[in-house]
Each structure stands twice: as C-alpha cells, then as structure tokens.
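Structure below is my_file17.pdb: PDB, C-alpha atoms.
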ATOM      1  CA  MET A   1      14.468  -8.216  25.427  1.00  0.00           C
ATOM      2  CA  PRO A   2      12.809 -10.161  22.637  1.00  0.00           C
ATOM      3  CA  HIS A   3      12.631  -9.054  19.030  1.00  0.00           C
ATOM      4  CA  VAL A   4       8.957  -8.670  18.093  1.00  0.00           C
ATOM      5  CA  LEU A   5       7.564  -8.681  14.554  1.00  0.00           C
ATOM      6  CA  VAL A   6       4.256  -6.763  14.368  1.00  0.00           C
ATOM      7  CA  VAL A   7       2.172  -7.807  11.339  1.00  0.00           C
ATOM      8  CA  GLU A   8      -0.821  -5.525  10.756  1.00  0.00           C
ATOM      9  CA  ASP A   9      -2.250  -4.018   7.576  1.00  0.00           C
ATOM     10  CA  GLU A  10      -3.652  -0.891   9.253  1.00  0.00           C
ATOM     11  CA  LYS A  11      -0.691   1.481   9.451  1.00  0.00           C
ATOM     12  CA  ASP A  12      -1.941   3.451  12.461  1.00  0.00           C
ATOM     13  CA  SER A  13      -2.562   0.277  14.480  1.00  0.00           C
ATOM     14  CA  ARG A  14       0.779  -1.217  13.405  1.00  0.00           C
ATOM     15  CA  ASP A  15       2.680   1.929  14.366  1.00  0.00           C
ATOM     16  CA  PHE A  16       0.792   2.306  17.668  1.00  0.00           C
ATOM     17  CA  VAL A  17       1.595  -1.247  18.790  1.00  0.00           C
ATOM     18  CA  ALA A  18       5.190  -1.047  17.540  1.00  0.00           C
ATOM     19  CA  GLU A  19       5.864   2.223  19.365  1.00  0.00           C
ATOM     20  CA  TYR A  20       4.421   0.867  22.615  1.00  0.00           C
ATOM     21  CA  LEU A  21       6.572  -2.268  22.436  1.00  0.00           C
ATOM     22  CA  LYS A  22       9.660  -0.158  21.660  1.00  0.00           C
ATOM     23  CA  ARG A  23       8.973   2.031  24.703  1.00  0.00           C
ATOM     24  CA  GLU A  24       8.815  -1.183  26.744  1.00  0.00           C
ATOM     25  CA  GLY A  25      12.355  -1.991  25.574  1.00  0.00           C
ATOM     26  CA  HIS A  26      11.667  -4.484  22.800  1.00  0.00           C
ATOM     27  CA  THR A  27      13.332  -4.502  19.414  1.00  0.00           C
ATOM     28  CA  VAL A  28      10.490  -4.248  16.892  1.00  0.00           C
ATOM     29  CA  SER A  29      10.085  -4.846  13.162  1.00  0.00           C
ATOM     30  CA  THR A  30       6.858  -4.374  11.250  1.00  0.00           C
ATOM     31  CA  ALA A  31       5.141  -5.804   8.189  1.00  0.00           C
ATOM     32  CA  ALA A  32       1.901  -4.817   6.452  1.00  0.00           C
ATOM     33  CA  ASP A  33       0.808  -8.340   5.484  1.00  0.00           C
ATOM     34  CA  GLY A  34       1.763 -11.998   5.659  1.00  0.00           C
ATOM     35  CA  GLU A  35       3.966 -11.952   2.566  1.00  0.00           C
ATOM     36  CA  ALA A  36       6.016  -9.038   3.885  1.00  0.00           C
ATOM     37  CA  ALA A  37       6.236 -10.768   7.271  1.00  0.00           C
ATOM     38  CA  LEU A  38       7.522 -13.961   5.682  1.00  0.00           C
ATOM     39  CA  ARG A  39      10.213 -12.003   3.822  1.00  0.00           C
ATOM     40  CA  LYS A  40      11.257 -10.339   7.095  1.00  0.00           C
ATOM     41  CA  LEU A  41      11.369 -13.662   8.954  1.00  0.00           C
ATOM     42  CA  ILE A  42      13.585 -15.158   6.263  1.00  0.00           C
ATOM     43  CA  ASN A  43      16.088 -12.322   6.668  1.00  0.00           C
ATOM     44  CA  GLU A  44      15.943 -11.534  10.383  1.00  0.00           C
ATOM     45  CA  ARG A  45      15.264 -13.297  13.646  1.00  0.00           C
ATOM     46  CA  ALA A  46      12.056 -12.708  15.575  1.00  0.00           C
ATOM     47  CA  ASP A  47      11.327 -14.101  19.019  1.00  0.00           C
ATOM     48  CA  VAL A  48       7.600 -13.288  18.957  1.00  0.00           C
ATOM     49  CA  VAL A  49       5.084 -12.391  16.244  1.00  0.00           C
ATOM     50  CA  VAL A  50       2.090 -10.143  16.928  1.00  0.00           C
ATOM     51  CA  LEU A  51      -0.292 -10.931  14.088  1.00  0.00           C
ATOM     52  CA  ASP A  52      -3.567  -9.688  12.629  1.00  0.00           C
ATOM     53  CA  VAL A  53      -5.886 -12.226  10.961  1.00  0.00           C
ATOM     54  CA  ARG A  54      -7.467 -10.362   8.069  1.00  0.00           C
ATOM     55  CA  MET A  55      -4.938  -8.731   5.763  1.00  0.00           C
ATOM     56  CA  PRO A  56      -4.533  -8.363   2.003  1.00  0.00           C
ATOM     57  CA  SER A  57      -2.211 -10.623   0.067  1.00  0.00           C
ATOM     58  CA  MET A  58      -1.556 -13.249   2.764  1.00  0.00           C
ATOM     59  CA  GLY A  59      -3.673 -13.217   5.901  1.00  0.00           C
ATOM     60  CA  GLY A  60      -2.638 -14.244   9.374  1.00  0.00           C
ATOM     61  CA  ILE A  61      -3.997 -17.802   9.311  1.00  0.00           C
ATOM     62  CA  GLU A  62      -2.316 -18.472   5.980  1.00  0.00           C
ATOM     63  CA  LEU A  63       0.976 -17.118   7.356  1.00  0.00           C
ATOM     64  CA  LEU A  64       0.618 -19.333  10.427  1.00  0.00           C
ATOM     65  CA  GLU A  65       0.127 -22.386   8.220  1.00  0.00           C
ATOM     66  CA  VAL A  66       3.312 -21.557   6.308  1.00  0.00           C
ATOM     67  CA  LEU A  67       5.311 -20.923   9.489  1.00  0.00           C
ATOM     68  CA  ARG A  68       4.228 -24.151  11.157  1.00  0.00           C
ATOM     69  CA  GLY A  69       5.398 -26.086   8.099  1.00  0.00           C
ATOM     70  CA  TYR A  70       9.030 -25.167   8.758  1.00  0.00           C
ATOM     71  CA  LEU A  71      11.119 -26.462  11.648  1.00  0.00           C
ATOM     72  CA  ARG A  72      12.717 -23.020  11.950  1.00  0.00           C
ATOM     73  CA  TRP A  73       9.345 -21.450  12.914  1.00  0.00           C
ATOM     74  CA  HIS A  74       7.440 -24.466  14.187  1.00  0.00           C
ATOM     75  CA  VAL A  75       7.313 -23.199  17.774  1.00  0.00           C
ATOM     76  CA  LEU A  76       7.718 -19.454  17.153  1.00  0.00           C
ATOM     77  CA  PRO A  77       5.329 -17.777  19.626  1.00  0.00           C
ATOM     78  CA  VAL A  78       2.486 -15.957  17.901  1.00  0.00           C
ATOM     79  CA  ILE A  79       0.024 -13.564  19.530  1.00  0.00           C
ATOM     80  CA  LEU A  80      -3.123 -12.695  17.591  1.00  0.00           C
ATOM     81  CA  VAL A  81      -4.619  -9.203  17.764  1.00  0.00           C
ATOM     82  CA  THR A  82      -7.731  -9.146  15.623  1.00  0.00           C
ATOM     83  CA  GLY A  83     -10.966  -7.312  15.167  1.00  0.00           C
ATOM     84  CA  GLN A  84     -12.665  -9.517  12.609  1.00  0.00           C
ATOM     85  CA  ALA A  85     -11.751 -13.166  13.115  1.00  0.00           C
ATOM     86  CA  ASP A  86     -14.629 -15.625  13.076  1.00  0.00           C
ATOM     87  CA  PRO A  87     -14.824 -18.630  15.443  1.00  0.00           C
ATOM     88  CA  GLY A  88     -13.415 -20.970  12.792  1.00  0.00           C
ATOM     89  CA  GLU A  89     -10.376 -18.761  12.272  1.00  0.00           C
ATOM     90  CA  LEU A  90      -9.792 -18.524  16.017  1.00  0.00           C
ATOM     91  CA  ARG A  91     -10.046 -22.315  16.372  1.00  0.00           C
ATOM     92  CA  LYS A  92      -7.590 -22.764  13.479  1.00  0.00           C
ATOM     93  CA  ALA A  93      -5.201 -20.264  15.107  1.00  0.00           C
ATOM     94  CA  ARG A  94      -5.298 -22.194  18.383  1.00  0.00           C
ATOM     95  CA  ASP A  95      -4.727 -25.454  16.495  1.00  0.00           C
ATOM     96  CA  LEU A  96      -1.667 -23.813  14.927  1.00  0.00           C
ATOM     97  CA  GLY A  97      -0.262 -22.949  18.339  1.00  0.00           C
ATOM     98  CA  VAL A  98      -1.311 -19.337  18.895  1.00  0.00           C
ATOM     99  CA  VAL A  99      -0.603 -18.601  22.524  1.00  0.00           C
ATOM    100  CA  TYR A 100      -2.714 -15.463  23.145  1.00  0.00           C
ATOM    101  CA  ILE A 101      -5.658 -13.954  21.288  1.00  0.00           C
ATOM    102  CA  PHE A 102      -6.673 -10.342  21.848  1.00  0.00           C
ATOM    103  CA  HIS A 103      -9.685  -8.636  20.311  1.00  0.00           C
ATOM    104  CA  LYS A 104      -8.857  -5.126  19.093  1.00  0.00           C
ATOM    105  CA  ALA A 105     -11.961  -3.603  20.628  1.00  0.00           C
ATOM    106  CA  GLY A 106     -11.194  -4.706  24.154  1.00  0.00           C
ATOM    107  CA  PHE A 107      -7.498  -5.098  24.894  1.00  0.00           C
ATOM    108  CA  LYS A 108      -4.967  -2.921  26.629  1.00  0.00           C
ATOM    109  CA  LEU A 109      -1.424  -2.442  25.386  1.00  0.00           C
ATOM    110  CA  THR A 110      -0.150  -3.364  28.835  1.00  0.00           C
ATOM    111  CA  GLU A 111      -1.815  -6.788  28.436  1.00  0.00           C
ATOM    112  CA  LEU A 112      -0.127  -7.236  25.073  1.00  0.00           C
ATOM    113  CA  GLY A 113       3.223  -6.293  26.600  1.00  0.00           C
ATOM    114  CA  GLU A 114       2.713  -8.837  29.379  1.00  0.00           C
ATOM    115  CA  ALA A 115       1.816 -11.505  26.799  1.00  0.00           C
ATOM    116  CA  VAL A 116       4.972 -10.748  24.779  1.00  0.00           C
ATOM    117  CA  ASP A 117       7.051 -11.078  27.937  1.00  0.00           C
ATOM    118  CA  ALA A 118       5.283 -14.302  28.942  1.00  0.00           C
ATOM    119  CA  VAL A 119       5.801 -16.091  25.616  1.00  0.00           C
ATOM    120  CA  SER A 120       9.379 -14.939  25.232  1.00  0.00           C
ATOM    121  CA  HIS A 121      10.265 -16.100  28.770  1.00  0.00           C
ATOM    122  CA  PRO A 122       7.770 -18.826  29.723  1.00  0.00           C
ATOM    123  CA  PRO A 123       8.217 -19.766  33.396  1.00  0.00           C
ATOM    124  CA  ASP A 124       7.583 -23.464  32.811  1.00  0.00           C
ATOM    125  CA  GLY A 125       8.509 -23.756  29.156  1.00  0.00           C
ATOM    126  CA  GLY A 126       4.854 -24.180  28.203  1.00  0.00           C
ATOM    127  CA  ASN A 127       2.664 -22.167  25.899  1.00  0.00           C
ATOM    128  CA  ASP A 128      -0.932 -22.272  27.040  1.00  0.00           C
ATOM    129  CA  THR A 129      -3.582 -20.742  24.833  1.00  0.00           C
ATOM    130  CA  ILE A 130      -5.417 -17.904  26.524  1.00  0.00           C
ATOM    131  CA  ALA A 131      -8.260 -15.983  24.908  1.00  0.00           C
ATOM    132  CA  CYS A 132      -8.773 -12.465  26.200  1.00  0.00           C
TER     133      CYS A 132
END
Since I need it in another form, could you write the structure as structure tokens?
Amino acid sequence: MPHVLVVEDEKDSRDFVAEYLKREGHTVSTAADGEAALRKLINERADVVVLDVRMPSMGGIELLEVLRGYLRWHVLPVILVTGQADPGELRKARDLGVVYIFHKAGFKLTELGEAVDAVSHPPDGGNDTIAC
C-alpha cells in the first residue's frame, strides 16, 4: 500500500482523513502546512500527497511549485482537497500536475481512497486530471 502524506492545517480534518486512510491499509504521515510537509518529504518517502490549498506559512500551491522544481518530486501524485480555492488556484494546480481535486463540502472519503489507489497504481501509467 502507498505511503500517503496528508497536508492540512485544520487538525480535525487532517486527523479524520489520516485515520480513514490508515483503516484502508495505507501508511500515513501528516503535516499542518507546506513547510512542515516539505521537511517530511525531505526525510521520508511519500507515494501520494493529499493537500489543502489555503494554509498558513506555505500554502498548497506554493508547495506544489517547490515540489515540481525538483526531479525527486516532479511527478509525485498530488490530490487536492480544498474548501476555499478560487478558479485561478485550481487552474494553477492542474498546470502543476494535480491529478484529482475534491471540494471539502461535497466529497466522500471512499472517493478519496479510490483516488489514492488510482494514482499510486495507475492502470495505464497516466495521470489524468479529474475535478470532482
């Protein structure tokens, strides 16, 4: 099972998502913002990142820009789960290779679990962008 890094500044949301993914058999690490996520990624491997957009310190789009600048993380699958992203941020995320975008108000954890499985084991090696 893939190792998932959940990056979310709201502790309850972060813990809720992390616990679900653990119950599904994934190894999970968490970070409260982009800077903490970057430190974790430097020190441990992640196969998938579940990322919020708006966070203190370093937001999700800024983290994506940093990650895509390094060969090590250039194709690291990223799934966005956001409640406040504007259309420009979503477009930028897609341009940076985000593979799934979920809106907090209307997604199910089972859908997130399926997305994590899909990006960690793509059937055709592709990574299509799908907005839910």
Practice task
Find the spatial neighbours of Leu96 of chain A, counting all atoms listed in the file, within a cut-off of 10 Å - ignore same-chain residues fewer than 4 positions away - and output them as JSON, numbers by chain.
Solution key: {"A": [61, 64, 65, 67, 68, 74, 75, 78, 90, 91, 92]}
Shell around Lys108 of chain A at 12 Å using all atoms listed in the file, local window under 4 positions removed, as a PDB file with C-alpha atoms, in the coordinates of the input:
ATOM      1  CA  PHE A  16       0.792   2.306  17.668  1.00  0.00           C
ATOM      2  CA  VAL A  17       1.595  -1.247  18.790  1.00  0.00           C
ATOM      3  CA  TYR A  20       4.421   0.867  22.615  1.00  0.00           C
ATOM      4  CA  VAL A  81      -4.619  -9.203  17.764  1.00  0.00           C
ATOM      5  CA  PHE A 102      -6.673 -10.342  21.848  1.00  0.00           C
ATOM      6  CA  HIS A 103      -9.685  -8.636  20.311  1.00  0.00           C
ATOM      7  CA  LYS A 104      -8.857  -5.126  19.093  1.00  0.00           C
ATOM      8  CA  LEU A 112      -0.127  -7.236  25.073  1.00  0.00           C
ATOM      9  CA  GLY A 113       3.223  -6.293  26.600  1.00  0.00           C
ATOM     10  CA  GLU A 114       2.713  -8.837  29.379  1.00  0.00           C
ATOM     11  CA  ALA A 115       1.816 -11.505  26.799  1.00  0.00           C
ATOM     12  CA  CYS A 132      -8.773 -12.465  26.200  1.00  0.00           C
TER      13      CYS A 132
END
Handout entry: Proximity to Gly59 of chain A - best of A:Val98, A:Lys40, A:Leu5, A:Gly34, all atoms listed in the file
Key =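 Looking only at the distances to Gly59 of chain A, the closest residue turns out to be A:Gly34.
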Exercise for the section: Go ahead and find all residues with at least one atom no further than 10 Å from (-4.1, -11.4, 4.3) in the file's coordinates, using all atoms listed in the file; report them as a list in words. Expected result: Glu8, Asp9, Ala32, Asp33, Gly34, Glu35, Asp52, Val53, Arg54, Met55, Pro56, Ser57, Met58, Gly59, Gly60, Ile61, Glu62 and Leu63 of chain A
Hey, could you pull the box centre and edge lengths for segment 16-22 of chain A, axis-aligned, 6 Å padding per side, all listed atoms, to one decimal in Å, as AutoDock Vina command-line options?
--center_x 5.2 --center_y 0.0 --center_z 20.1 --size_x 20.9 --size_y 16.6 --size_z 17.1
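Taking atom CA of Val28 of chain A and atom CA of Asn43 of chain A as the two end points, the separation is 14.2 Å.
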